[in-house]
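Report on the following structure.
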Amino acid sequence: MIKAAIVGLGWWGKHILRSTAGSRKLQITRGVDLRLDALNDVTEAEPLPLSNDLEEVLRDSEIDAVILATPHSFHEEQIVLCATAGKHVFVEKPMTLTRAGAAIALNACETAGVVLGVGYERRFEPALKAIEKLIRDGSLGTLMHVESNFSHNLLASVDSTDWRASPQESPIPALSAMGIHLTDTYIHLFGAISEVFAQTSKRCGNWKSGDTLSVQFLFESGLTGYLSAILVTSMFVRFHVFGSQGWVQARSDAHPSQDGVTRLSFSQTGQVMQTQDFAYCDTVLENLEAFASAIVGEADYPFTYEEKLGNVSTMEAIIESARTGRSVAVE
């Protein structure tokens, strides 16, 4: 059993606590947050030793790993601190805000010999695993195009003074909150992205940096792609891959943290379209348990160095494209 501390006890930190409550692989035994009100909230819900001192946790020999659910700009420094202390690290998305920061964090973990987990849990969804199988076994033929959307209004009422609405923490909130899950899946399924063109718009809500994002992609393979994310609408999730021999689509109206059904539709040339429904599974727990399994050497963690770095590089390019109105190459 991996014993972990969680740093950051806001909305998502509390969700992680709930998800891991029954895990047989990872147990959260300490909590850290600088905000006293957050500590009080957790004390009422979960009997957990709490403090506002990360350094104290890093000195605790009983702690194997640290889960970071903190503001984005903290991640780079906190990952390095944890790795230097010999603690495995799981960091919520985005891993860092810049490619240079991602390289520093990744290299610190490699030097220390610790596992670095990342909070891109959508990769673990059963429907996306089924799509991956169809891609890998050639059922779609030559891959032509991918498009996806991840939109909801769970954060629509976030106060304009909240860190999630800050242009420094979230230059494009729909990207750091939702779109980055899709770019991670794109890189995993289709390889490196070479160029992006992005547009953002502010239609309503408290988000200073806009509430709508659309991005066009060119992959190194020649595949084209598109994604969109909207912060002020009802829940909508779609992932659609087109190939020379057919297409496959996953559709859901439930957030990955909520119970719901995802419907997979598979249309192959000359065949009757097939559909399959996938029930909810806790992908947050699956990701954290994969992290725990990698720590004890049971299996490799299913996110490579190149994928982790590539996703931050893609995020950085999308932000630059939206800022300048130009296509931007991904480093």
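In the structure tokens, chains take the letters A, B, ... in the order shown, each chain's residues start at 1, and ligands count up from 1 in the order shown.
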
Strand (DSSP E) residues, from DSSP on the backbone, in region 124-329 of chain A, as a VMD selection string: chain A and resid 143 to 151 193 to 201 212 to 219 224 to 230 236 to 243 246 to 252 261 to 268 274 to 279 328 to 329

Saved selection, atoms kept: C-alpha atoms, as a PDB file, in the first residue's frame:
ATOM      1  CA  LEU A 143      -6.193   7.614 -40.117  1.00  0.00           C
ATOM      2  CA  MET A 144      -7.479  10.796 -41.749  1.00  0.00           C
ATOM      3  CA  HIS A 145      -8.829  13.200 -39.121  1.00  0.00           C
ATOM      4  CA  VAL A 146      -9.806  13.482 -35.446  1.00  0.00           C
ATOM      5  CA  GLU A 147     -12.156  15.923 -33.760  1.00  0.00           C
ATOM      6  CA  SER A 148     -13.426  16.247 -30.232  1.00  0.00           C
ATOM      7  CA  ASN A 149     -15.257  18.450 -27.773  1.00  0.00           C
ATOM      8  CA  PHE A 150     -15.172  18.588 -23.982  1.00  0.00           C
ATOM      9  CA  SER A 151     -17.561  21.217 -22.596  1.00  0.00           C
ATOM     10  CA  ILE A 193       1.662  17.369 -33.056  1.00  0.00           C
ATOM     11  CA  SER A 194       3.645  19.634 -35.373  1.00  0.00           C
ATOM     12  CA  GLU A 195       1.456  22.753 -35.705  1.00  0.00           C
ATOM     13  CA  VAL A 196      -1.614  24.392 -34.123  1.00  0.00           C
ATOM     14  CA  PHE A 197      -3.937  27.273 -34.894  1.00  0.00           C
ATOM     15  CA  ALA A 198      -6.133  28.414 -32.011  1.00  0.00           C
ATOM     16  CA  GLN A 199      -8.895  30.950 -31.403  1.00  0.00           C
ATOM     17  CA  THR A 200     -10.571  32.000 -28.165  1.00  0.00           C
ATOM     18  CA  SER A 201     -13.626  34.109 -27.476  1.00  0.00           C
ATOM     19  CA  THR A 212     -14.616  29.309 -25.649  1.00  0.00           C
ATOM     20  CA  LEU A 213     -11.671  27.626 -27.381  1.00  0.00           C
ATOM     21  CA  SER A 214     -11.236  26.061 -30.815  1.00  0.00           C
ATOM     22  CA  VAL A 215      -7.990  24.575 -32.137  1.00  0.00           C
ATOM     23  CA  GLN A 216      -6.906  23.074 -35.444  1.00  0.00           C
ATOM     24  CA  PHE A 217      -4.024  20.561 -35.455  1.00  0.00           C
ATOM     25  CA  LEU A 218      -1.529  19.157 -37.930  1.00  0.00           C
ATOM     26  CA  PHE A 219       0.256  16.020 -36.728  1.00  0.00           C
ATOM     27  CA  THR A 224      -5.389  16.643 -39.213  1.00  0.00           C
ATOM     28  CA  GLY A 225      -7.434  17.378 -36.117  1.00  0.00           C
ATOM     29  CA  TYR A 226      -9.715  19.769 -34.315  1.00  0.00           C
ATOM     30  CA  LEU A 227     -10.948  20.303 -30.769  1.00  0.00           C
ATOM     31  CA  SER A 228     -13.281  22.685 -29.025  1.00  0.00           C
ATOM     32  CA  ALA A 229     -14.036  23.382 -25.380  1.00  0.00           C
ATOM     33  CA  ILE A 230     -16.697  25.647 -23.871  1.00  0.00           C
ATOM     34  CA  PHE A 236     -21.096  17.584 -23.753  1.00  0.00           C
ATOM     35  CA  VAL A 237     -18.286  15.127 -24.516  1.00  0.00           C
ATOM     36  CA  ARG A 238     -17.434  13.782 -27.990  1.00  0.00           C
ATOM     37  CA  PHE A 239     -14.390  12.041 -29.471  1.00  0.00           C
ATOM     38  CA  HIS A 240     -14.533  11.153 -33.182  1.00  0.00           C
ATOM     39  CA  VAL A 241     -11.852   9.506 -35.338  1.00  0.00           C
ATOM     40  CA  PHE A 242     -12.157   9.182 -39.127  1.00  0.00           C
ATOM     41  CA  GLY A 243     -10.187   6.656 -41.170  1.00  0.00           C
ATOM     42  CA  GLY A 246     -14.600   3.915 -41.407  1.00  0.00           C
ATOM     43  CA  TRP A 247     -15.081   6.051 -38.310  1.00  0.00           C
ATOM     44  CA  VAL A 248     -15.627   5.653 -34.585  1.00  0.00           C
ATOM     45  CA  GLN A 249     -17.225   8.074 -32.139  1.00  0.00           C
ATOM     46  CA  ALA A 250     -17.649   8.169 -28.357  1.00  0.00           C
ATOM     47  CA  ARG A 251     -20.427  10.395 -26.945  1.00  0.00           C
ATOM     48  CA  SER A 252     -21.243  11.151 -23.343  1.00  0.00           C
ATOM     49  CA  VAL A 261     -23.001   6.165 -19.874  1.00  0.00           C
ATOM     50  CA  THR A 262     -20.759   6.640 -22.912  1.00  0.00           C
ATOM     51  CA  ARG A 263     -22.044   5.358 -26.249  1.00  0.00           C
ATOM     52  CA  LEU A 264     -19.528   4.115 -28.829  1.00  0.00           C
ATOM     53  CA  SER A 265     -20.592   4.066 -32.493  1.00  0.00           C
ATOM     54  CA  PHE A 266     -18.400   2.271 -35.055  1.00  0.00           C
ATOM     55  CA  SER A 267     -19.098   2.602 -38.776  1.00  0.00           C
ATOM     56  CA  GLN A 268     -16.934   0.499 -41.113  1.00  0.00           C
ATOM     57  CA  GLN A 274     -22.211  -1.107 -34.388  1.00  0.00           C
ATOM     58  CA  THR A 275     -22.975   0.566 -31.062  1.00  0.00           C
ATOM     59  CA  GLN A 276     -21.868  -0.263 -27.546  1.00  0.00           C
ATOM     60  CA  ASP A 277     -22.590   1.417 -24.215  1.00  0.00           C
ATOM     61  CA  PHE A 278     -19.912   1.734 -21.540  1.00  0.00           C
ATOM     62  CA  ALA A 279     -20.882   2.330 -17.918  1.00  0.00           C
ATOM     63  CA  VAL A 328       2.438  28.079 -34.276  1.00  0.00           C
ATOM     64  CA  ALA A 329       4.863  25.174 -34.558  1.00  0.00           C
TER      65      ALA A 329
END

Can you pull out every residue within 6 Å of region 101-113 of chain A, counting only C-alpha atoms, but drop anything in the same chain fewer than 6 positions away, and send it as a PyMOL selection string? chain A and resi 76+79-80+83

DSSP on the backbone, alpha helix (DSSP H) only: what residues of region 109-269 of chain A does that give? Format it as number ranges by chain. A: 109-112, 126-136, 173-174, 180-190

Mind writing the picked residues with N, CA and C atoms as a PDB file, in the first residue's frame?
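Once everything was written out, this is out31.pdb:
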ATOM      1  N   CYS A 109      12.630  14.445 -11.591  1.00  0.00           N
ATOM      2  CA  CYS A 109      12.082  13.136 -11.204  1.00  0.00           C
ATOM      3  C   CYS A 109      12.948  11.997 -11.726  1.00  0.00           C
ATOM      4  N   GLU A 110      13.455  12.135 -12.945  1.00  0.00           N
ATOM      5  CA  GLU A 110      14.330  11.087 -13.482  1.00  0.00           C
ATOM      6  C   GLU A 110      15.615  11.001 -12.672  1.00  0.00           C
ATOM      7  N   THR A 111      16.192  12.135 -12.326  1.00  0.00           N
ATOM      8  CA  THR A 111      17.425  12.148 -11.537  1.00  0.00           C
ATOM      9  C   THR A 111      17.208  11.506 -10.178  1.00  0.00           C
ATOM     10  N   ALA A 112      16.056  11.770  -9.566  1.00  0.00           N
ATOM     11  CA  ALA A 112      15.758  11.230  -8.235  1.00  0.00           C
ATOM     12  C   ALA A 112      15.260   9.788  -8.283  1.00  0.00           C
ATOM     13  N   PRO A 126     -13.160   3.585 -20.645  1.00  0.00           N
ATOM     14  CA  PRO A 126     -13.331   2.359 -21.436  1.00  0.00           C
ATOM     15  C   PRO A 126     -13.604   2.623 -22.914  1.00  0.00           C
ATOM     16  N   ALA A 127     -14.407   3.637 -23.230  1.00  0.00           N
ATOM     17  CA  ALA A 127     -14.713   3.919 -24.632  1.00  0.00           C
ATOM     18  C   ALA A 127     -13.465   4.367 -25.397  1.00  0.00           C
ATOM     19  N   LEU A 128     -12.605   5.161 -24.745  1.00  0.00           N
ATOM     20  CA  LEU A 128     -11.376   5.598 -25.409  1.00  0.00           C
ATOM     21  C   LEU A 128     -10.390   4.448 -25.549  1.00  0.00           C
ATOM     22  N   LYS A 129     -10.402   3.511 -24.604  1.00  0.00           N
ATOM     23  CA  LYS A 129      -9.584   2.308 -24.755  1.00  0.00           C
ATOM     24  C   LYS A 129     -10.071   1.477 -25.941  1.00  0.00           C
ATOM     25  N   ALA A 130     -11.397   1.415 -26.130  1.00  0.00           N
ATOM     26  CA  ALA A 130     -11.952   0.682 -27.272  1.00  0.00           C
ATOM     27  C   ALA A 130     -11.568   1.358 -28.590  1.00  0.00           C
ATOM     28  N   ILE A 131     -11.591   2.698 -28.605  1.00  0.00           N
ATOM     29  CA  ILE A 131     -11.152   3.424 -29.797  1.00  0.00           C
ATOM     30  C   ILE A 131      -9.676   3.158 -30.078  1.00  0.00           C
ATOM     31  N   GLU A 132      -8.868   3.148 -29.030  1.00  0.00           N
ATOM     32  CA  GLU A 132      -7.442   2.860 -29.208  1.00  0.00           C
ATOM     33  C   GLU A 132      -7.236   1.489 -29.838  1.00  0.00           C
ATOM     34  N   LYS A 133      -7.994   0.495 -29.402  1.00  0.00           N
ATOM     35  CA  LYS A 133      -7.866  -0.854 -29.964  1.00  0.00           C
ATOM     36  C   LYS A 133      -8.182  -0.857 -31.461  1.00  0.00           C
ATOM     37  N   LEU A 134      -9.246  -0.162 -31.863  1.00  0.00           N
ATOM     38  CA  LEU A 134      -9.608  -0.086 -33.275  1.00  0.00           C
ATOM     39  C   LEU A 134      -8.526   0.610 -34.090  1.00  0.00           C
ATOM     40  N   ILE A 135      -7.895   1.623 -33.502  1.00  0.00           N
ATOM     41  CA  ILE A 135      -6.806   2.324 -34.186  1.00  0.00           C
ATOM     42  C   ILE A 135      -5.601   1.403 -34.347  1.00  0.00           C
ATOM     43  N   ARG A 136      -5.223   0.753 -33.238  1.00  0.00           N
ATOM     44  CA  ARG A 136      -4.014  -0.072 -33.256  1.00  0.00           C
ATOM     45  C   ARG A 136      -4.152  -1.301 -34.156  1.00  0.00           C
ATOM     46  N   PRO A 173      -8.563  29.293 -19.996  1.00  0.00           N
ATOM     47  CA  PRO A 173      -9.170  28.397 -19.008  1.00  0.00           C
ATOM     48  C   PRO A 173      -9.778  27.135 -19.604  1.00  0.00           C
ATOM     49  N   ALA A 174     -10.413  27.232 -20.775  1.00  0.00           N
ATOM     50  CA  ALA A 174     -11.012  26.048 -21.385  1.00  0.00           C
ATOM     51  C   ALA A 174      -9.953  25.032 -21.799  1.00  0.00           C
ATOM     52  N   ILE A 180      -6.860  20.204 -22.397  1.00  0.00           N
ATOM     53  CA  ILE A 180      -5.571  19.527 -22.237  1.00  0.00           C
ATOM     54  C   ILE A 180      -5.730  18.018 -22.083  1.00  0.00           C
ATOM     55  N   HIS A 181      -6.908  17.574 -21.611  1.00  0.00           N
ATOM     56  CA  HIS A 181      -7.191  16.136 -21.601  1.00  0.00           C
ATOM     57  C   HIS A 181      -7.233  15.592 -23.027  1.00  0.00           C
ATOM     58  N   LEU A 182      -7.817  16.369 -23.930  1.00  0.00           N
ATOM     59  CA  LEU A 182      -7.955  15.932 -25.315  1.00  0.00           C
ATOM     60  C   LEU A 182      -6.609  15.932 -26.021  1.00  0.00           C
ATOM     61  N   THR A 183      -5.775  16.941 -25.783  1.00  0.00           N
ATOM     62  CA  THR A 183      -4.463  16.958 -26.429  1.00  0.00           C
ATOM     63  C   THR A 183      -3.595  15.809 -25.922  1.00  0.00           C
ATOM     64  N   ASP A 184      -3.719  15.453 -24.639  1.00  0.00           N
ATOM     65  CA  ASP A 184      -2.995  14.278 -24.137  1.00  0.00           C
ATOM     66  C   ASP A 184      -3.423  13.024 -24.894  1.00  0.00           C
ATOM     67  N   THR A 185      -4.728  12.843 -25.071  1.00  0.00           N
ATOM     68  CA  THR A 185      -5.224  11.672 -25.783  1.00  0.00           C
ATOM     69  C   THR A 185      -4.784  11.700 -27.239  1.00  0.00           C
ATOM     70  N   TYR A 186      -4.797  12.875 -27.857  1.00  0.00           N
ATOM     71  CA  TYR A 186      -4.326  12.988 -29.241  1.00  0.00           C
ATOM     72  C   TYR A 186      -2.876  12.519 -29.372  1.00  0.00           C
ATOM     73  N   ILE A 187      -2.021  13.014 -28.504  1.00  0.00           N
ATOM     74  CA  ILE A 187      -0.596  12.656 -28.582  1.00  0.00           C
ATOM     75  C   ILE A 187      -0.405  11.169 -28.342  1.00  0.00           C
ATOM     76  N   HIS A 188      -1.132  10.606 -27.401  1.00  0.00           N
ATOM     77  CA  HIS A 188      -1.017   9.179 -27.098  1.00  0.00           C
ATOM     78  C   HIS A 188      -1.477   8.320 -28.277  1.00  0.00           C
ATOM     79  N   LEU A 189      -2.579   8.689 -28.905  1.00  0.00           N
ATOM     80  CA  LEU A 189      -3.146   7.861 -29.972  1.00  0.00           C
ATOM     81  C   LEU A 189      -2.528   8.118 -31.342  1.00  0.00           C
ATOM     82  N   PHE A 190      -2.109   9.365 -31.598  1.00  0.00           N
ATOM     83  CA  PHE A 190      -1.745   9.738 -32.963  1.00  0.00           C
ATOM     84  C   PHE A 190      -0.315  10.253 -33.115  1.00  0.00           C
TER      85      PHE A 190
END

Selected residue of minimal separation from Thr161 (chain A) among A:Phe124, A:Phe291, A:Trp207, A:Trp12, counting only C-alpha atoms: A:Trp207

Find the residues around Ile6 (chain A) up to 10 Å (only C-alpha atoms counted), leave out those fewer than 6 positions away in its own chain, and share them as a count of residues only. 21

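With only C-alpha atoms as the atoms that count, the minimum distance from Ile319 (chain A) to the choices A:Leu175, A:Met235, A:Leu48, A:Ala100 is reached by A:Leu175.
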
Closest to Ser176 (chain A) among A:Leu26, A:Met95, A:Ala290, A:Val118, using only C-alpha atoms? A:Met95

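The closest residue to Glu331 (chain A), picked from A:Ser244, A:Ser157, A:Ser234, A:Thr98 and counting only C-alpha atoms, is A:Thr98.
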
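Shortest atom-to-atom contact with Leu223 (chain A) among A:Gly270, A:Ser61, A:Arg123, A:Gly191: A:Gly191, counting only C-alpha atoms.
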
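Checking A:Pro49, A:Thr142, A:Thr304, A:Met315 one by one against Gly222 (chain A), counting only C-alpha atoms, you find the shortest gap at A:Thr142.
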
Between CA of Ala5 (chain A) and CA of Ile63 (chain A) lies a distance of 6.7 Å
